[in-house]
>>> print(open('my_file08.cif').read())   # mmCIF, C-alpha atoms
data_coords
loop_
_atom_site.label_atom_id
_atom_site.label_comp_id
_atom_site.auth_asym_id
_atom_site.auth_seq_id
_atom_site.Cartn_x
_atom_site.Cartn_y
_atom_site.Cartn_z
CA MET A 274 6.36 -0.96 -20.41
CA ASN A 275 8.79 1.19 -18.42
CA ARG A 276 8.02 4.45 -16.70
CA HIS A 277 10.78 7.04 -16.96
CA PHE A 278 11.67 9.91 -14.64
CA THR A 279 13.97 12.67 -15.84
CA TYR A 280 16.91 13.62 -13.63
CA ASP A 281 16.41 16.81 -11.65
CA SER A 282 18.62 19.52 -13.11
CA LYS A 283 18.40 21.78 -10.07
CA TYR A 284 21.23 19.65 -8.70
CA PHE A 285 24.71 19.79 -10.16
CA PRO A 286 25.37 17.32 -11.60
CA PRO A 287 21.69 16.43 -12.27
CA ALA A 288 20.35 13.86 -9.77
CA PRO A 289 18.06 10.81 -10.19
CA VAL A 290 14.56 11.29 -8.80
CA VAL A 291 11.20 9.52 -8.83
CA THR A 292 7.64 10.68 -8.16
CA ILE A 293 5.97 9.12 -5.12
CA LYS A 294 2.87 9.37 -2.92
CA LEU A 295 2.94 9.12 0.88
CA THR A 296 -0.19 7.95 2.71
CA VAL A 297 -0.95 7.57 6.42
CA LYS A 298 -3.39 4.74 7.16
CA GLU A 299 -4.72 6.24 10.37
CA THR A 300 -5.71 9.57 8.81
CA ASN A 301 -6.27 8.39 5.21
CA LEU A 302 -4.45 11.56 4.11
CA SER A 303 -1.88 11.59 1.32
CA ALA A 304 0.86 13.80 -0.03
CA THR A 305 0.87 13.29 -3.78
CA ASP A 306 3.26 13.99 -6.66
CA LEU A 307 6.27 14.29 -4.39
CA THR A 308 9.67 14.41 -6.09
CA ALA A 309 11.96 12.07 -4.15
CA LEU A 310 15.73 12.10 -4.47
CA ILE A 311 17.34 8.66 -4.94
CA ASP A 312 20.25 8.42 -2.50
CA THR A 313 21.99 5.03 -2.42
CA GLY A 314 24.43 6.42 0.13
CA ALA A 315 21.71 7.08 2.70
CA ASP A 316 20.82 4.36 5.20
CA ALA A 317 17.37 5.80 5.90
CA SER A 318 14.68 7.76 4.10
CA CYS A 319 13.47 11.17 5.20
CA ALA A 320 10.83 13.77 4.42
CA PRO A 321 10.22 17.38 5.46
CA LEU A 322 8.33 18.03 8.66
CA SER A 323 5.84 20.01 6.58
CA VAL A 324 4.91 16.82 4.72
CA ARG A 325 4.43 14.91 7.97
CA GLU A 326 2.18 17.66 9.29
CA SER A 327 0.11 17.84 6.09
CA ILE A 328 -0.81 14.14 6.32
CA GLN A 329 -1.15 14.27 10.12
CA ALA A 330 1.27 11.42 10.69
CA GLY A 331 1.83 10.46 14.32
CA ILE A 332 5.29 10.97 15.79
CA GLY A 333 7.16 7.70 16.33
CA LYS A 334 10.50 6.69 17.78
CA VAL A 335 13.52 8.96 17.79
CA HIS A 336 16.35 7.84 15.49
CA HIS A 337 19.97 8.99 15.49
CA ALA A 338 21.65 9.65 12.14
CA ARG A 339 25.27 10.46 11.39
CA SER A 340 26.43 12.61 8.49
CA LEU A 341 29.43 11.98 6.25
CA TRP A 342 31.40 14.35 8.48
CA GLY A 343 30.62 12.38 11.64
CA GLU A 344 28.01 14.72 13.08
CA THR A 345 25.12 12.98 14.87
CA GLN A 346 21.58 14.35 14.96
CA SER A 347 18.28 13.06 16.36
CA PHE A 348 15.14 12.82 14.23
CA SER A 349 11.58 11.81 15.06
CA SER A 350 10.10 9.18 12.75
CA PHE A 351 6.67 8.54 11.27
CA ILE A 352 5.08 5.62 9.40
CA VAL A 353 3.71 5.90 5.85
CA ASP A 354 2.76 3.78 2.87
CA ILE A 355 4.96 4.70 -0.11
CA GLN A 356 3.26 4.40 -3.50
CA MET A 357 4.99 4.56 -6.85
CA ASN A 358 3.71 3.53 -10.27
CA GLY A 359 0.86 1.46 -8.81
CA ALA A 360 3.07 -0.39 -6.31
CA THR A 361 2.87 0.07 -2.55
CA LEU A 362 5.47 -0.33 0.19
CA PRO A 363 3.35 -0.43 3.35
CA GLY A 364 4.49 0.65 6.79
CA MET A 365 7.78 2.35 5.87
CA VAL A 366 9.67 4.49 8.38
CA MET A 367 10.47 8.07 7.38
CA LEU A 368 12.59 10.51 9.38
CA GLY A 369 11.14 13.98 9.67
CA TYR A 370 13.56 16.87 9.31
CA ASP A 371 13.57 20.63 8.87
CA GLY A 372 14.24 20.70 5.13
CA ASP A 373 12.43 20.67 1.79
CA GLU A 374 13.52 17.41 0.09
CA VAL A 375 12.13 13.90 0.21
CA VAL A 376 15.03 11.43 0.17
CA LEU A 377 14.75 7.69 -0.48
CA GLY A 378 17.56 5.76 1.20
CA ARG A 379 18.51 2.11 0.96
CA ASP A 380 15.77 1.04 3.40
CA VAL A 381 13.35 1.78 0.54
CA LEU A 382 15.56 1.44 -2.55
CA ASN A 383 16.60 -2.13 -1.68
CA ARG A 384 12.96 -3.15 -2.14
CA LEU A 385 12.58 -1.59 -5.60
CA TRP A 386 13.74 -2.36 -9.13
CA LEU A 387 15.12 0.85 -10.62
CA GLU A 388 17.50 1.47 -13.52
CA LEU A 389 19.61 4.65 -13.56
CA ASP A 390 20.78 5.76 -17.00
CA GLY A 391 23.34 8.51 -16.38
CA PRO A 392 24.05 9.50 -20.00
CA ALA A 393 20.31 9.71 -20.76
CA GLN A 394 19.64 11.28 -17.33
CA THR A 395 16.58 9.11 -16.72
CA THR A 396 15.42 6.72 -14.01
CA SER A 397 13.37 3.77 -15.28
CA GLU A 398 10.87 1.80 -13.25
CA PRO A 399 10.01 -1.39 -15.15
CA THR A 400 6.38 -2.47 -15.28
CA PRO A 401 6.12 -6.27 -15.60
CA SER A 402 4.47 -7.39 -18.83
CA ILE A 403 1.76 -10.06 -18.82
CA PRO A 404 2.68 -13.28 -20.68
CA ALA A 405 0.09 -14.30 -23.25
CA ASP A 406 -0.36 -17.74 -21.64
CA ALA A 407 -0.70 -16.47 -18.06
CA ARG A 408 -3.71 -17.93 -16.25
CA PRO A 409 -5.98 -16.07 -13.81
CA CYS A 410 -4.97 -16.13 -10.16
CA SER A 411 -7.09 -18.38 -7.97
CA ALA A 412 -7.43 -19.56 -4.40
CA THR A 413 -5.24 -22.55 -5.30
CA ASN A 414 -2.16 -20.49 -6.23
CA LEU A 415 -2.48 -17.53 -3.84
CA THR A 416 -2.03 -17.47 -0.08
CA LEU A 417 -3.64 -14.77 2.04
CA GLY A 418 -1.59 -13.75 5.07
CA GLU A 419 -2.62 -12.20 8.35
CA GLY A 420 -4.09 -8.76 7.91
CA THR A 421 -3.24 -5.49 9.58
CA MET A 422 -5.95 -3.18 10.83
CA GLY A 423 -6.19 0.51 11.54
CA GLY A 424 -8.67 3.32 11.77
CA ALA A 425 -9.20 6.90 10.68
CA THR A 426 -11.68 9.61 11.56
CA GLN A 427 -14.67 8.06 9.78
CA HIS A 428 -13.83 4.45 8.96
CA ASP A 429 -11.81 1.34 9.76
CA PHE A 430 -9.69 -0.61 7.31
CA VAL A 431 -7.90 -3.91 6.81
CA TYR A 432 -4.91 -4.76 4.62
CA LEU A 433 -4.56 -8.41 3.55
CA PRO A 434 -1.34 -9.55 1.81
CA MET A 435 -1.77 -12.04 -1.07
CA THR A 436 1.30 -14.07 -2.07
CA HIS A 437 1.60 -16.10 -5.26
CA THR A 438 2.79 -19.62 -4.41
CA SER A 439 2.89 -21.64 -7.66
CA ARG A 440 5.77 -21.97 -10.13
CA MET A 441 3.83 -20.31 -12.95
CA GLY A 442 2.75 -16.66 -12.88
CA CYS A 443 -0.89 -15.65 -12.73
CA VAL A 444 -3.03 -12.62 -13.57
CA LEU A 445 -4.97 -10.82 -10.83
CA GLN A 446 -7.82 -8.70 -12.09
CA PRO A 447 -10.32 -6.53 -10.19
CA PRO A 448 -12.89 -6.62 -8.86
CA VAL A 449 -12.08 -8.73 -5.82
CA LYS A 450 -15.24 -9.51 -3.88
CA VAL A 451 -15.11 -9.18 -0.08
CA GLN A 452 -17.92 -10.06 2.32
CA LEU A 453 -17.94 -9.87 6.11
CA ILE A 454 -19.17 -13.07 7.78
CA ASP A 455 -19.48 -14.34 11.33
CA ALA A 456 -17.89 -17.46 12.84
CA GLN A 457 -20.72 -19.62 11.47
CA GLY A 458 -20.20 -18.33 7.93
CA LYS A 459 -23.33 -16.17 7.93
CA THR A 460 -23.07 -13.02 5.82
CA LEU A 461 -23.40 -9.95 8.01
CA PRO A 462 -25.93 -7.21 7.16
CA VAL A 463 -23.59 -4.80 5.43
CA ASP A 464 -24.19 -2.46 2.50
CA TYR A 465 -21.50 -2.89 -0.16
CA SER A 466 -20.63 0.31 -1.99
CA PRO A 467 -18.86 0.32 -5.38
CA PRO A 468 -15.06 0.29 -5.14
CA LEU A 469 -13.61 3.78 -4.91
CA GLU A 470 -9.99 2.93 -5.76
CA THR A 471 -10.27 0.45 -8.65
CA ALA A 472 -7.17 0.76 -10.83
CA THR A 473 -7.94 1.16 -14.53
CA SER A 474 -5.97 1.15 -17.75
CA PRO A 475 -5.93 4.13 -20.16
CA SER A 476 -8.91 2.55 -21.95
CA GLY A 477 -10.92 2.53 -18.75
CA GLU A 478 -10.85 -1.25 -18.29
CA PRO A 479 -9.90 -2.81 -14.92
CA LEU A 480 -6.13 -2.99 -14.66
CA LYS A 481 -4.76 -6.53 -14.75
CA MET A 482 -1.85 -7.31 -12.44
CA TYR A 483 0.67 -10.04 -13.20
CA LEU A 484 2.16 -11.85 -10.21
CA GLY A 485 5.24 -13.98 -10.75
CA PRO A 486 6.32 -16.80 -8.41
CA GLY A 487 6.78 -15.42 -4.92
CA GLU A 488 5.39 -11.97 -5.76
CA ALA A 489 2.66 -10.40 -3.64
CA ALA A 490 -0.13 -7.85 -3.73
CA MET A 491 -2.06 -6.06 -0.99
CA LEU A 492 -5.85 -6.13 -0.76
CA ARG A 493 -7.45 -3.26 1.15
CA PHE A 494 -11.04 -2.87 2.22
CA ASP A 495 -12.68 -0.31 4.48
CA TRP A 496 -15.95 -0.11 6.35
CA GLY A 497 -17.81 2.53 8.27
CA ASN A 498 -20.62 2.83 10.82
CA TRP A 499 -19.95 -0.48 12.53
CA CYS A 500 -22.12 -0.40 15.66
CA THR A 501 -21.97 -4.05 16.72
CA PRO A 502 -19.91 -4.68 19.89
CA LEU A 503 -16.95 -5.85 17.83
CA LYS A 504 -14.81 -7.08 20.67
CA GLN A 505 -17.45 -9.76 21.30
CA THR A 506 -17.89 -10.58 17.60
CA ARG A 507 -15.70 -13.03 15.68
CA LEU A 508 -15.43 -11.50 12.24
CA MET A 509 -14.10 -13.10 9.08
CA ALA A 510 -13.53 -11.74 5.59
CA LYS A 511 -14.76 -13.97 2.76
CA VAL A 512 -12.63 -13.17 -0.29
CA ASN A 513 -13.45 -14.22 -3.87
CA LEU A 514 -11.40 -13.53 -6.98
CA THR A 515 -12.90 -12.68 -10.36
CA GLY A 516 -13.87 -15.87 -12.20
CA ASP A 517 -12.89 -18.17 -9.31
CA ASN A 518 -15.48 -20.26 -7.47
CA ALA A 519 -13.16 -20.91 -4.53
CA SER A 520 -12.74 -18.45 -1.68
CA TRP A 521 -10.83 -17.70 1.52
CA ASN A 522 -12.32 -17.14 4.96
CA ILE A 523 -9.80 -14.96 6.81
CA PRO A 524 -10.30 -14.43 10.58
CA LEU A 525 -10.19 -10.78 11.58
CA SER A 526 -9.05 -11.13 15.17
CA PHE A 527 -6.83 -8.20 16.10
CA PRO A 528 -5.56 -6.85 19.44
CA PHE A 529 -7.24 -3.49 18.85
CA PHE A 530 -10.23 -2.10 17.03
CA TYR A 531 -11.60 1.35 16.42
CA GLY A 532 -15.22 0.50 15.56
CA HIS A 533 -16.58 3.87 14.44
CA CYS A 534 -20.36 4.10 14.92
CA PHE A 535 -22.21 7.17 13.67
CA SER A 536 -25.79 5.95 13.18
CA PRO A 537 -26.82 2.99 15.40
CA ASN A 538 -30.00 2.37 13.39
CA ALA A 539 -28.23 2.21 10.00
CA ARG A 540 -26.34 -0.68 8.44
CA ALA A 541 -22.58 -0.76 8.20
CA THR A 542 -21.01 0.00 4.80
CA LEU A 543 -18.03 -1.73 3.21
CA PHE A 544 -16.22 0.30 0.57
CA THR A 545 -12.91 1.40 -0.98
CA MET A 546 -11.55 -1.98 -2.01
CA SER A 547 -8.26 -1.84 -3.89
CA VAL A 548 -5.41 -4.13 -4.89
CA THR A 549 -1.84 -2.86 -5.18
CA ARG A 550 1.42 -4.64 -5.91
CA ILE A 551 4.01 -5.11 -3.14
CA PRO A 552 7.52 -4.73 -4.57
CA ARG A 553 9.99 -7.45 -3.60
#
>>> encode(input="my_file08.cif", output="structure tokens")
Amino acid sequence: MNRHFTYDSKYFPPAPVVTIKLTVKETNLSATDLTALIDTGADASCAPLSVRESIQAGIGKVHHARSLWGETQSFSSFIVDIQMNGATLPGMVMLGYDGDEVVLGRDVLNRLWLELDGPAQTTSEPTPSIPADARPCSATNLTLGEGTMGGATQHDFVYLPMTHTSRMGCVLQPPVKVQLIDAQGKTLPVDYSPPLETATSPSGEPLKMYLGPGEAAMLRFDWGNWCTPLKQTRLMAKVNLTGDNASWNIPLSFPFFYGHCFSPNARATLFTMSVTRIPR
């Protein structure tokens, strides 16, 4: 099934656009339903300063950009996750500028599959179909990579990339079970809340995700009220897929940690697990 976006007629001639969501990991704030202009002539992507301020994105490096007329300007950058049609591009650089348009340049577009139909004035974003004979993903045909960690005002989170490694595609279906364990494999005393970001189909069933050879998805889980001295604790994430008896034990050793503790006498809580596709 393809998702279609109608060209924006406020431009002349009408211009191809898509609808996106920008999220900052550190603040867990998002700007949703943003209309983004597709600009294959732009090297970089940019967004209004008002958007950056609304999601409280930190100011990054200064980048220099040159216009078609040779003029050079300096722009501060910020890091966001770009979401579109259930797929996520994590850690993308956006340039903040004093304007009112979100523009996707080739730094983003070269990682997406989009079809521009000029006569029909539509942009199509294909959604991969699931072959009837596709088998469930398992620990034998997925590889979990090193995670990235961050923190926000009230919780900490980890993103773990999962890459499909076999020659035949597989189906990934929520829920994905995550437990926190110590170096000896002992399950830590954590309360596990129901997932808050489980993707569902129009019928309300968990949304199945097809991964072809070499394709990847991103697993996210969050936890709050972690009062153990984490820098002295070797943590691992034990990950199980639906219907699979095998599991991964992924070390969570990172150079930094936020470790938010609000109630020392209460147990930590793990929550907000989600799985999103990573476009090639």
>>> atom_distance(input="my_file08.cif", atom1="CA of Ala519 (chain A)", atom2="CA of Ser411 (chain A)")
7.4 Å
>>> resolve_selection(input="my_file08.cif", expression="the PyMOL selection byres ((chain A and resi 346-353) around 6)", output="PyMOL selection string")
chain A and resi 295-297+332-338+345+354+364-369
>>> residues_around(input="my_file08.cif", residues="Val548 (chain A)", least_positions_apart="5", cutoff="7 Å", atoms="all atoms listed in the file", output="PyMOL selection string")
chain A and resi 490-493
>>> residues_around(input="my_file08.cif", residues="Thr279 (chain A)", least_positions_apart="6", cutoff="12 Å", atoms="all atoms listed in the file", output="list in words")
Pro287, Ala288, Pro289, Val290, Val291, Thr292, Thr308, Ala309, Leu310, Glu388, Leu389, Asp390, Gly391, Pro392, Ala393, Gln394, Thr395, Thr396, Ser397 and Glu398 of chain A
>>> resolve_selection(input="my_file08.cif", expression="the PyMOL selection byres ((chain A and resi 357) around 12)", output="PyMOL selection string")
chain A and resi 276-278+290-296+305-309+354-356+358-363+381-382+385-387+397-400+549-552
>>> atom_distance(input="my_file08.cif", atom1="CA of Ala330 (chain A)", atom2="CA of Thr300 (chain A)")
7.5 Å
>>> closest_residue(input="my_file08.cif", among="A:Val376, A:Ala412, A:Leu543, A:Val451", to="Ile311 (chain A)", atoms="all atoms listed in the file")
A:Val376
>>> residues_around(input="my_file08.cif", residues="Gly487 (chain A)", least_positions_apart="5", cutoff="8 Å", atoms="only C-alpha atoms", output="ChimeraX atom specification")
/A:436-439
>>> write_last_selection(input="my_file08.cif", atoms="C-alpha atoms", output="tab-separated table (two decimals), keeping the file's coordinate frame")
chain	number	residue	atom	x	y	z
A	436	THR	CA	1.30	-14.07	-2.07
A	437	HIS	CA	1.60	-16.10	-5.26
A	438	THR	CA	2.79	-19.62	-4.41
A	439	SER	CA	2.89	-21.64	-7.66
>>> closest_residue(input="my_file08.cif", among="A:Gln329, A:Gly372, A:Thr413, A:Leu461", to="Lys298 (chain A)", atoms="all atoms listed in the file")
A:Gln329
>>> atom_distance(input="my_file08.cif", atom1="CA of Ala541 (chain A)", atom2="CA of Ala304 (chain A)")
28.8 Å
>>> closest_residue(input="my_file08.cif", among="A:Ser327, A:Arg339, A:Asn414, A:Ala317", to="Arg379 (chain A)", atoms="only C-alpha atoms")
A:Ala317
>>> closest_residue(input="my_file08.cif", among="A:Arg540, A:Met509, A:Asp371, A:Val444", to="Ala405 (chain A)", atoms="all atoms listed in the file")
A:Val444
>>> resolve_selection(input="my_file08.cif", expression="the PyMOL selection byres ((chain A and resi 312) around 6)", output="PyMOL selection string")
chain A and resi 311+313-315+377-378
>>> residues_around(input="my_file08.cif", residues="Asn513 (chain A)", least_positions_apart="2", cutoff="12 Å", atoms="all atoms listed in the file", output="number ranges by chain")
A: 410-413, 415, 417, 445-453, 492, 510-511, 515-523
>>> axis_aligned_box(input="my_file08.cif", around="region 332-335 of chain A", padding_each_side="4 Å", output="lines of an AutoDock Vina configuration file")
center_x = 9.4
center_y = 8.8
center_z = 16.8
size_x = 16.2
size_y = 12.3
size_z = 10.0
